[in-house]
Amino acid sequence: MQESTRFLSTRDYDVRRSGVPFIDAVLEGLSSDGGLYFPKSYVSLQEELMALPENVDFIDLAAKMTHGLFSEDFTLSQAYEFCHKAFTFSPALTELNQDILLLELFHGPSCAFKDFGASFLAVLMEHHLMKYGTTCTILTATSGDTGSAVAQAFHNVNNINVAILYPSGRVSPLQEKQLTGVGDNIFALEVRGTFDDCQRMVKEAFEHTEVARMYNLSSANSINIGRLIPQSFYYMYAWNILRHKNNNRWMFCTPSGNFGNLTAGLLAMRWGLPVLHFLIACNANDIVPHYLNTGHYVPRQSIPTLANAMDVGHPSNYERMYTMYAKHVQEKLGLSDIASVQEAQVHQAMQGELQGICVSDEQIKEEIHTVYREDGYFICPHTAVGVKASKDFLKTSWANTHGYSQVVVLSTAHASKFSEIIQDVTGKSPQMPHQLTHFLHKKKVSIPTDPTLEDLVDKLHYIHTIQ
Ligand SMILES: *Cc1c(COP(=O)(O)O)cnc(C)c1O
């Protein structure tokens with residue numbers, strides 16, 4: 001039996017430290033020193049991967065890998081119990097055409113890939129809180145997508161209340177219904193302000209030690225390592241299907257904004273998934289591709305695009321990616337510690353494994369249209385970024401020299417979540433899945449909130465007293 005994976009902070013990564021157990025890293029979210037958690041060492045899941053049957057179902061795979069990663073924390077049957085509860089939906093691999101396959105990650109309750117991470121997190125947190133008889137309040141700010149995944153995943157979860165802050169009048173009508181129509185232990189705080197106000201209020205609440213302790217505040221956002229772990233499983237799932245049927249050389253393409261999804265792919269690779277490279281697809285927010293090309297990391301204000309869940313000017317997972325690569329170099333070169341690795345060495349290591357391609361709004365529209373016309377399939381704007389980048393990639397001499405002839409694009413959301421854009425481009429509307437139509441008839445129930453910490457605390461108090 002291998003040791004359970006433990007985690008270090010990106011701000012304090014002395015490898016002689018024993019590291020933090022998984023559940024502590026999950027409950028803390030962000031390390032107290034402000035850093036992000038990454039694995040102190042990588043167990044090998046190669047044996048588990050090679051032993052997967054051809055038609056393995058996702059729960060089966062997820063349980064085996066969870067146990068493989070945290071064998072001392074969860075027995076195999078406990079891991080099954082968690083995964084069974086969390087994953088009431090599964091990824092699906094579809095062939096779009098000869099060159100492109102889509103890994104559909106939108107069959108969950110909010111119809112976006114964030115459901116995988118949020119559901120797993122909800123199950124883990126509930127298990128832990130019930131075991132110790134405590135409660136917590138999840139506080140999260142959303143510009144749309146994260147909030148609905150969190151709302152669905154934590155709905156009616158024991159010992160947890162959720163307060164979601166969203167900017168009034170700035171999320172789509174469907175998104176608003178997904179946030180305000182859930183009810184029970186999910187409270188939608190409609191903030192008279194912007195998304196930045198929402199984020200600032202959440203940050204201030206966490207920094208206010210007294211408030212944070214009084215309501216036992218916890219976060220469910222994408223910096224939480226507990227969300228990335230299950231995302232690494234769907235890369236394994238797709239690989240397992242393809243290794244049984246396909247002799248082509250293929251690569252994953254991950255449409256990226258905060259780079260959580262890409263980091264999950266990197267984790268899968270370090271744990272033994274036999275892939276060598278990833279294609280990163282970005283919209284006009286080209287911070288990471290720019291870094292790969294030049295070695296200069298220049299964060300800046302985000303640019304609004306049609307693929308709005310990827311409008312990130314300062315990707316929060318970059319710090320984790322960087323440290324993971326620094327550690328990789330340290331081990332490969334046999335250096336004594338991570339701090340002695342040079343920036344240029346990290347850059348070179350990333351360049352060796354990652355390709356980056358950017359796609360404009362004009363190209364997003366064209367690609368949605370092309371895929372509809374040629375393949376009869378609706379893709380969301382984020383997936384369109386991935387598909388366009390993949391087509392461009394397959395034409396490069398690099399792809400040619402390395403023998404790549406196919407790309408598996410992570411399809412991050414259902415097209416009908418963006419029906420205005422799809423309608424505008426194709427003149428048709430994609431069929432809405434039942435998870436979404438369900439919300440069309442829901443009544444909006446929100447708690448109007450001023451953009452101040454004071455009012456947020458008032459509302460937390462209210463939630464606390466009525467529950
Ligand atoms: C969040 C999101 C992304 C970006 O994922 P990251 O992990 O932040 O890189 C892409 N597409 C959709 C639909 C999303 O909701």
# chains A, B, ... in the order shown; residues from 1 in each chain; ligands from 1
call {"tool": "residues_around", "arguments": {"residues": "A:Asn293", "least_positions_apart": "3", "cutoff": "10 Å", "atoms": "only C-alpha atoms", "output": "PyMOL selection string"}}
result
chain A and resi 288-290+296+347+351+355-356
call {"tool": "write_last_selection", "arguments": {"atoms": "N, CA, C and O atoms", "output": "PDB file, in the first residue's frame"}}
result
ATOM      1  N   VAL A 288      -1.110  32.869 -20.389  1.00  0.00           N
ATOM      2  CA  VAL A 288      -0.257  31.678 -20.310  1.00  0.00           C
ATOM      3  C   VAL A 288       0.379  31.324 -21.664  1.00  0.00           C
ATOM      4  O   VAL A 288       1.583  31.069 -21.719  1.00  0.00           O
ATOM      5  N   PRO A 289      -0.394  31.327 -22.774  1.00  0.00           N
ATOM      6  CA  PRO A 289       0.279  31.122 -24.065  1.00  0.00           C
ATOM      7  C   PRO A 289       1.404  32.136 -24.310  1.00  0.00           C
ATOM      8  O   PRO A 289       2.464  31.780 -24.848  1.00  0.00           O
ATOM      9  N   HIS A 290       1.185  33.367 -23.910  1.00  0.00           N
ATOM     10  CA  HIS A 290       2.216  34.391 -24.051  1.00  0.00           C
ATOM     11  C   HIS A 290       3.460  34.012 -23.233  1.00  0.00           C
ATOM     12  O   HIS A 290       4.596  34.118 -23.704  1.00  0.00           O
ATOM     13  N   HIS A 296       7.827  35.379 -20.409  1.00  0.00           N
ATOM     14  CA  HIS A 296       7.394  36.493 -19.559  1.00  0.00           C
ATOM     15  C   HIS A 296       5.953  36.275 -19.117  1.00  0.00           C
ATOM     16  O   HIS A 296       5.055  36.154 -19.943  1.00  0.00           O
ATOM     17  N   HIS A 347      10.418  27.378 -17.097  1.00  0.00           N
ATOM     18  CA  HIS A 347       9.832  27.759 -18.374  1.00  0.00           C
ATOM     19  C   HIS A 347      10.101  26.700 -19.439  1.00  0.00           C
ATOM     20  O   HIS A 347       9.201  26.293 -20.184  1.00  0.00           O
ATOM     21  N   GLN A 351       7.399  24.494 -21.484  1.00  0.00           N
ATOM     22  CA  GLN A 351       7.410  24.537 -22.953  1.00  0.00           C
ATOM     23  C   GLN A 351       7.494  23.139 -23.549  1.00  0.00           C
ATOM     24  O   GLN A 351       6.952  22.880 -24.615  1.00  0.00           O
ATOM     25  N   GLN A 355       1.486  23.163 -25.195  1.00  0.00           N
ATOM     26  CA  GLN A 355       1.347  24.002 -26.373  1.00  0.00           C
ATOM     27  C   GLN A 355       0.192  24.958 -26.093  1.00  0.00           C
ATOM     28  O   GLN A 355      -0.804  24.541 -25.502  1.00  0.00           O
ATOM     29  N   GLY A 356       0.304  26.216 -26.508  1.00  0.00           N
ATOM     30  CA  GLY A 356      -0.785  27.157 -26.257  1.00  0.00           C
ATOM     31  C   GLY A 356      -1.249  27.822 -27.540  1.00  0.00           C
ATOM     32  O   GLY A 356      -0.429  28.220 -28.367  1.00  0.00           O
TER      33      GLY A 356
END
call {"tool": "closest_atom_pairs", "arguments": {"of": "chain A", "to": "ligand 1", "cutoff": "9 Å", "atoms": "only C-alpha atoms and all ligand atoms", "output": "JSON lines"}}
result
{"residue": "A:Phe106", "atom": "CA", "partner": "ligand 1", "partner_atom_place_in_ligand_line": "13 (C)", "distance": 8.6}
{"residue": "A:Cys111", "atom": "CA", "partner": "ligand 1", "partner_atom_place_in_ligand_line": "13 (C)", "distance": 8.7}
{"residue": "A:Ala112", "atom": "CA", "partner": "ligand 1", "partner_atom_place_in_ligand_line": "13 (C)", "distance": 5.6}
{"residue": "A:Phe113", "atom": "CA", "partner": "ligand 1", "partner_atom_place_in_ligand_line": "15 (O)", "distance": 6.7}
{"residue": "A:Lys114", "atom": "CA", "partner": "ligand 1", "partner_atom_place_in_ligand_line": "15 (O)", "distance": 6.3}
{"residue": "A:Gly144", "atom": "CA", "partner": "ligand 1", "partner_atom_place_in_ligand_line": "15 (O)", "distance": 8.4}
{"residue": "A:Asp145", "atom": "CA", "partner": "ligand 1", "partner_atom_place_in_ligand_line": "15 (O)", "distance": 5.3}
{"residue": "A:Thr146", "atom": "CA", "partner": "ligand 1", "partner_atom_place_in_ligand_line": "15 (O)", "distance": 6.7}
{"residue": "A:Ser222", "atom": "CA", "partner": "ligand 1", "partner_atom_place_in_ligand_line": "7 (O)", "distance": 7.2}
{"residue": "A:Leu228", "atom": "CA", "partner": "ligand 1", "partner_atom_place_in_ligand_line": "7 (O)", "distance": 8.7}
{"residue": "A:Thr254", "atom": "CA", "partner": "ligand 1", "partner_atom_place_in_ligand_line": "9 (O)", "distance": 7.6}
{"residue": "A:Pro255", "atom": "CA", "partner": "ligand 1", "partner_atom_place_in_ligand_line": "10 (C)", "distance": 5.6}
{"residue": "A:Ser256", "atom": "CA", "partner": "ligand 1", "partner_atom_place_in_ligand_line": "9 (O)", "distance": 3.4}
{"residue": "A:Gly257", "atom": "CA", "partner": "ligand 1", "partner_atom_place_in_ligand_line": "9 (O)", "distance": 3.7}
{"residue": "A:Asn258", "atom": "CA", "partner": "ligand 1", "partner_atom_place_in_ligand_line": "8 (O)", "distance": 3.4}
{"residue": "A:Phe259", "atom": "CA", "partner": "ligand 1", "partner_atom_place_in_ligand_line": "9 (O)", "distance": 3.4}
{"residue": "A:Gly260", "atom": "CA", "partner": "ligand 1", "partner_atom_place_in_ligand_line": "7 (O)", "distance": 3.5}
{"residue": "A:Asn261", "atom": "CA", "partner": "ligand 1", "partner_atom_place_in_ligand_line": "7 (O)", "distance": 3.9}
{"residue": "A:Leu262", "atom": "CA", "partner": "ligand 1", "partner_atom_place_in_ligand_line": "9 (O)", "distance": 6.3}
{"residue": "A:Thr263", "atom": "CA", "partner": "ligand 1", "partner_atom_place_in_ligand_line": "7 (O)", "distance": 7.8}
{"residue": "A:Ala264", "atom": "CA", "partner": "ligand 1", "partner_atom_place_in_ligand_line": "7 (O)", "distance": 8.5}
{"residue": "A:Cys282", "atom": "CA", "partner": "ligand 1", "partner_atom_place_in_ligand_line": "9 (O)", "distance": 8.9}
{"residue": "A:Ala307", "atom": "CA", "partner": "ligand 1", "partner_atom_place_in_ligand_line": "11 (N)", "distance": 7.2}
{"residue": "A:Asn308", "atom": "CA", "partner": "ligand 1", "partner_atom_place_in_ligand_line": "12 (C)", "distance": 8.0}
{"residue": "A:Ala309", "atom": "CA", "partner": "ligand 1", "partner_atom_place_in_ligand_line": "14 (C)", "distance": 4.7}
{"residue": "A:Met310", "atom": "CA", "partner": "ligand 1", "partner_atom_place_in_ligand_line": "4 (C)", "distance": 4.9}
{"residue": "A:Asp311", "atom": "CA", "partner": "ligand 1", "partner_atom_place_in_ligand_line": "4 (C)", "distance": 8.4}
{"residue": "A:Val312", "atom": "CA", "partner": "ligand 1", "partner_atom_place_in_ligand_line": "8 (O)", "distance": 8.0}
{"residue": "A:Pro315", "atom": "CA", "partner": "ligand 1", "partner_atom_place_in_ligand_line": "8 (O)", "distance": 7.6}
{"residue": "A:Ser316", "atom": "CA", "partner": "ligand 1", "partner_atom_place_in_ligand_line": "8 (O)", "distance": 8.4}
{"residue": "A:Asn317", "atom": "CA", "partner": "ligand 1", "partner_atom_place_in_ligand_line": "8 (O)", "distance": 8.2}
{"residue": "A:Cys380", "atom": "CA", "partner": "ligand 1", "partner_atom_place_in_ligand_line": "13 (C)", "distance": 7.7}
{"residue": "A:Pro381", "atom": "CA", "partner": "ligand 1", "partner_atom_place_in_ligand_line": "13 (C)", "distance": 8.0}
{"residue": "A:His382", "atom": "CA", "partner": "ligand 1", "partner_atom_place_in_ligand_line": "11 (N)", "distance": 5.0}
{"residue": "A:Thr383", "atom": "CA", "partner": "ligand 1", "partner_atom_place_in_ligand_line": "11 (N)", "distance": 7.1}
{"residue": "A:Leu410", "atom": "CA", "partner": "ligand 1", "partner_atom_place_in_ligand_line": "11 (N)", "distance": 8.8}
{"residue": "A:Ser411", "atom": "CA", "partner": "ligand 1", "partner_atom_place_in_ligand_line": "11 (N)", "distance": 7.7}
{"residue": "A:Thr412", "atom": "CA", "partner": "ligand 1", "partner_atom_place_in_ligand_line": "13 (C)", "distance": 4.5}
{"residue": "A:Ala413", "atom": "CA", "partner": "ligand 1", "partner_atom_place_in_ligand_line": "13 (C)", "distance": 4.4}
{"residue": "A:His414", "atom": "CA", "partner": "ligand 1", "partner_atom_place_in_ligand_line": "13 (C)", "distance": 7.9}
call {"tool": "residues_around", "arguments": {"residues": "A:Gln330", "least_positions_apart": "6", "cutoff": "8 Å", "atoms": "only C-alpha atoms", "output": "PyMOL selection string"}}
result
chain A and resi 336-338+340-341
call {"tool": "write_last_selection", "arguments": {"atoms": "C-alpha atoms", "output": "PDB file, in the first residue's frame"}}
result
ATOM      1  CA  SER A 336      18.188  19.463  -3.035  1.00  0.00           C
ATOM      2  CA  ASP A 337      15.218  21.834  -2.918  1.00  0.00           C
ATOM      3  CA  ILE A 338      12.617  23.561  -5.070  1.00  0.00           C
ATOM      4  CA  SER A 340      17.217  26.265  -6.184  1.00  0.00           C
ATOM      5  CA  VAL A 341      15.385  25.689  -9.486  1.00  0.00           C
TER       6      VAL A 341
END
call {"tool": "residues_around", "arguments": {"residues": "A:His461", "least_positions_apart": "6", "cutoff": "12 Å", "atoms": "only C-alpha atoms", "output": "PyMOL selection string"}}
result
chain A and resi 137+161+163+211-212+214-215+454-455+467
call {"tool": "closest_atom_pairs", "arguments": {"of": "stretch 87-192 of chain A", "to": "stretch 62-76 of chain A", "cutoff": "12 Å", "atoms": "only C-alpha atoms", "output": "CSV"}}
result
residue,atom,partner,partner_atom,distance
A:Phe87,CA,A:Ala62,CA,9.0
A:Ser90,CA,A:Ala62,CA,10.6
A:Pro91,CA,A:Ala62,CA,11.7
A:Phe116,CA,A:Ala62,CA,10.7
A:Gly117,CA,A:Ala62,CA,11.9
A:Phe120,CA,A:Ala62,CA,10.2
A:Leu124,CA,A:Phe74,CA,10.8
A:His127,CA,A:Phe74,CA,11.6
A:His128,CA,A:Asp73,CA,11.7
call {"tool": "select_by_dssp", "arguments": {"residues": "stretch 133-364 of chain A", "states": "strand (DSSP E or B)", "output": "ChimeraX atom specification"}}
result
/A:136-141,160-167,186-191,217-218,250-255,278-282,354-358
call {"tool": "residues_around", "arguments": {"residues": "A:Ser172", "least_positions_apart": "3", "cutoff": "12 Å", "atoms": "only C-alpha atoms", "output": "list in words"}}
result
Ser143, Gly144, Asp145, Ser148, Tyr166, Pro167, Ser168, Gly169, Gln175, Glu176, Lys177, Gln178, Leu179, Asn308, Lys417, Phe418, Ser419 and Glu420 of chain A
call {"tool": "closest_residue", "arguments": {"among": "A:Gln199, A:Phe393, A:Ala339, A:Phe252", "to": "A:Leu101", "atoms": "only C-alpha atoms"}}
result
A:Phe252
call {"tool": "residues_around", "arguments": {"residues": "A:Val123", "least_positions_apart": "5", "cutoff": "8 Å", "atoms": "only C-alpha atoms", "output": "PDB file with all heavy atoms, in the first residue's frame"}}
result
ATOM      1  N   PHE A  82     -18.385   7.399  -1.396  1.00  0.00           N
ATOM      2  CA  PHE A  82     -18.272   8.827  -1.731  1.00  0.00           C
ATOM      3  C   PHE A  82     -18.572   9.073  -3.212  1.00  0.00           C
ATOM      4  O   PHE A  82     -19.327   9.956  -3.577  1.00  0.00           O
ATOM      5  CB  PHE A  82     -16.854   9.354  -1.467  1.00  0.00           C
ATOM      6  CG  PHE A  82     -16.506   9.470  -0.011  1.00  0.00           C
ATOM      7  CD1 PHE A  82     -15.184   9.672   0.371  1.00  0.00           C
ATOM      8  CD2 PHE A  82     -17.479   9.391   0.964  1.00  0.00           C
ATOM      9  CE1 PHE A  82     -14.850   9.787   1.708  1.00  0.00           C
ATOM     10  CE2 PHE A  82     -17.162   9.502   2.301  1.00  0.00           C
ATOM     11  CZ  PHE A  82     -15.834   9.694   2.672  1.00  0.00           C
ATOM     12  N   LYS A  85     -22.125   8.648  -4.346  1.00  0.00           N
ATOM     13  CA  LYS A  85     -22.952   9.776  -3.923  1.00  0.00           C
ATOM     14  C   LYS A  85     -22.678  11.011  -4.786  1.00  0.00           C
ATOM     15  O   LYS A  85     -23.592  11.731  -5.172  1.00  0.00           O
ATOM     16  CB  LYS A  85     -22.599  10.113  -2.474  1.00  0.00           C
ATOM     17  CG  LYS A  85     -23.780  10.221  -1.571  1.00  0.00           C
ATOM     18  CD  LYS A  85     -23.329  10.341  -0.138  1.00  0.00           C
ATOM     19  CE  LYS A  85     -24.372  11.069   0.684  1.00  0.00           C
ATOM     20  NZ  LYS A  85     -23.972  11.202   2.078  1.00  0.00           N
ATOM     21  N   ALA A  86     -21.389  11.240  -5.087  1.00  0.00           N
ATOM     22  CA  ALA A  86     -20.999  12.472  -5.790  1.00  0.00           C
ATOM     23  C   ALA A  86     -21.352  12.420  -7.273  1.00  0.00           C
ATOM     24  O   ALA A  86     -21.854  13.395  -7.831  1.00  0.00           O
ATOM     25  CB  ALA A  86     -19.501  12.718  -5.620  1.00  0.00           C
ATOM     26  N   VAL A 157     -27.233  19.278   1.468  1.00  0.00           N
ATOM     27  CA  VAL A 157     -26.128  18.580   2.111  1.00  0.00           C
ATOM     28  C   VAL A 157     -26.189  18.913   3.607  1.00  0.00           C
ATOM     29  O   VAL A 157     -26.403  20.069   3.977  1.00  0.00           O
ATOM     30  CB  VAL A 157     -24.783  19.004   1.475  1.00  0.00           C
ATOM     31  CG1 VAL A 157     -23.604  18.619   2.345  1.00  0.00           C
ATOM     32  CG2 VAL A 157     -24.651  18.379   0.088  1.00  0.00           C
TER      33      VAL A 157
END
call {"tool": "closest_atom_pairs", "arguments": {"of": "stretch 203-244 of chain A", "to": "stretch 38-60 of chain A", "cutoff": "7 Å", "atoms": "only C-alpha atoms", "output": "tab-separated table"}}
result
residue	atom	partner	partner_atom	distance
A:Tyr237	CA	A:Phe58	CA	6.8
A:Asn240	CA	A:Glu54	CA	6.9
A:Ile241	CA	A:Glu54	CA	6.5
A:His244	CA	A:Glu54	CA	6.4
call {"tool": "select_by_dssp", "arguments": {"residues": "stretch 140-259 of chain A", "states": "alpha helix (DSSP H)", "output": "VMD selection string"}}
result
chain A and resid 145 to 154 173 to 180 195 to 207 209 to 214 225 to 245
call {"tool": "write_last_selection", "arguments": {"atoms": "C-alpha atoms", "output": "mmCIF file, in the first residue's frame"}}
result
data_model
loop_
_atom_site.group_PDB
_atom_site.id
_atom_site.type_symbol
_atom_site.label_atom_id
_atom_site.label_comp_id
_atom_site.auth_asym_id
_atom_site.auth_seq_id
_atom_site.Cartn_x
_atom_site.Cartn_y
_atom_site.Cartn_z
ATOM 1 C CA ASP A 145 -21.013 29.324 -13.647
ATOM 2 C CA THR A 146 -19.197 28.438 -10.428
ATOM 3 C CA GLY A 147 -22.149 29.521 -8.316
ATOM 4 C CA SER A 148 -24.641 27.233 -10.031
ATOM 5 C CA ALA A 149 -22.338 24.192 -9.755
ATOM 6 C CA VAL A 150 -21.811 24.904 -6.050
ATOM 7 C CA ALA A 151 -25.535 25.520 -5.458
ATOM 8 C CA GLN A 152 -26.473 22.183 -7.052
ATOM 9 C CA ALA A 153 -23.713 20.201 -5.402
ATOM 10 C CA PHE A 154 -24.393 21.456 -1.861
ATOM 11 C CA PRO A 173 -31.544 35.162 -16.712
ATOM 12 C CA LEU A 174 -30.989 31.393 -16.804
ATOM 13 C CA GLN A 175 -27.906 31.664 -14.592
ATOM 14 C CA GLU A 176 -29.871 33.748 -12.110
ATOM 15 C CA LYS A 177 -32.595 31.104 -11.932
ATOM 16 C CA GLN A 178 -29.960 28.431 -11.322
ATOM 17 C CA LEU A 179 -28.678 30.452 -8.352
ATOM 18 C CA THR A 180 -31.936 31.753 -6.881
ATOM 19 C CA PHE A 195 -18.582 40.856 -9.543
ATOM 20 C CA ASP A 196 -15.457 42.563 -8.172
ATOM 21 C CA ASP A 197 -17.540 43.865 -5.240
ATOM 22 C CA CYS A 198 -18.747 40.319 -4.576
ATOM 23 C CA GLN A 199 -15.199 38.958 -4.601
ATOM 24 C CA ARG A 200 -13.949 41.748 -2.343
ATOM 25 C CA MET A 201 -16.743 41.149 0.190
ATOM 26 C CA VAL A 202 -15.959 37.422 0.331
ATOM 27 C CA LYS A 203 -12.275 38.157 0.795
ATOM 28 C CA GLU A 204 -12.997 40.680 3.571
ATOM 29 C CA ALA A 205 -15.236 38.200 5.362
ATOM 30 C CA PHE A 206 -12.516 35.526 5.293
ATOM 31 C CA GLU A 207 -9.914 38.013 6.502
ATOM 32 C CA THR A 209 -11.051 36.395 11.835
ATOM 33 C CA GLU A 210 -14.000 36.890 14.157
ATOM 34 C CA VAL A 211 -16.581 36.631 11.373
ATOM 35 C CA ALA A 212 -14.783 33.707 9.745
ATOM 36 C CA ARG A 213 -14.750 31.812 13.032
ATOM 37 C CA MET A 214 -18.283 32.706 14.118
ATOM 38 C CA ILE A 225 -7.404 21.106 -4.359
ATOM 39 C CA GLY A 226 -10.491 19.003 -3.579
ATOM 40 C CA ARG A 227 -12.051 20.215 -6.818
ATOM 41 C CA LEU A 228 -9.067 19.330 -8.978
ATOM 42 C CA ILE A 229 -8.700 15.711 -7.843
ATOM 43 C CA PRO A 230 -11.950 14.413 -9.429
ATOM 44 C CA GLN A 231 -11.270 16.482 -12.552
ATOM 45 C CA SER A 232 -8.102 14.446 -13.093
ATOM 46 C CA PHE A 233 -10.282 11.311 -13.231
ATOM 47 C CA TYR A 234 -12.096 12.227 -16.450
ATOM 48 C CA TYR A 235 -8.797 12.531 -18.301
ATOM 49 C CA MET A 236 -8.116 8.941 -17.217
ATOM 50 C CA TYR A 237 -11.613 7.909 -18.261
ATOM 51 C CA ALA A 238 -11.136 9.211 -21.828
ATOM 52 C CA TRP A 239 -7.671 7.681 -22.094
ATOM 53 C CA ASN A 240 -9.030 4.304 -21.037
ATOM 54 C CA ILE A 241 -11.706 4.324 -23.736
ATOM 55 C CA LEU A 242 -9.207 5.336 -26.423
ATOM 56 C CA ARG A 243 -6.447 2.912 -25.509
ATOM 57 C CA HIS A 244 -8.856 0.082 -26.194
ATOM 58 C CA LYS A 245 -9.922 1.307 -29.594
#
call {"tool": "closest_residue", "arguments": {"among": "A:Cys83, A:Met125, A:Leu165, A:Val275", "to": "A:Thr142", "atoms": "only C-alpha atoms"}}
result
A:Leu165
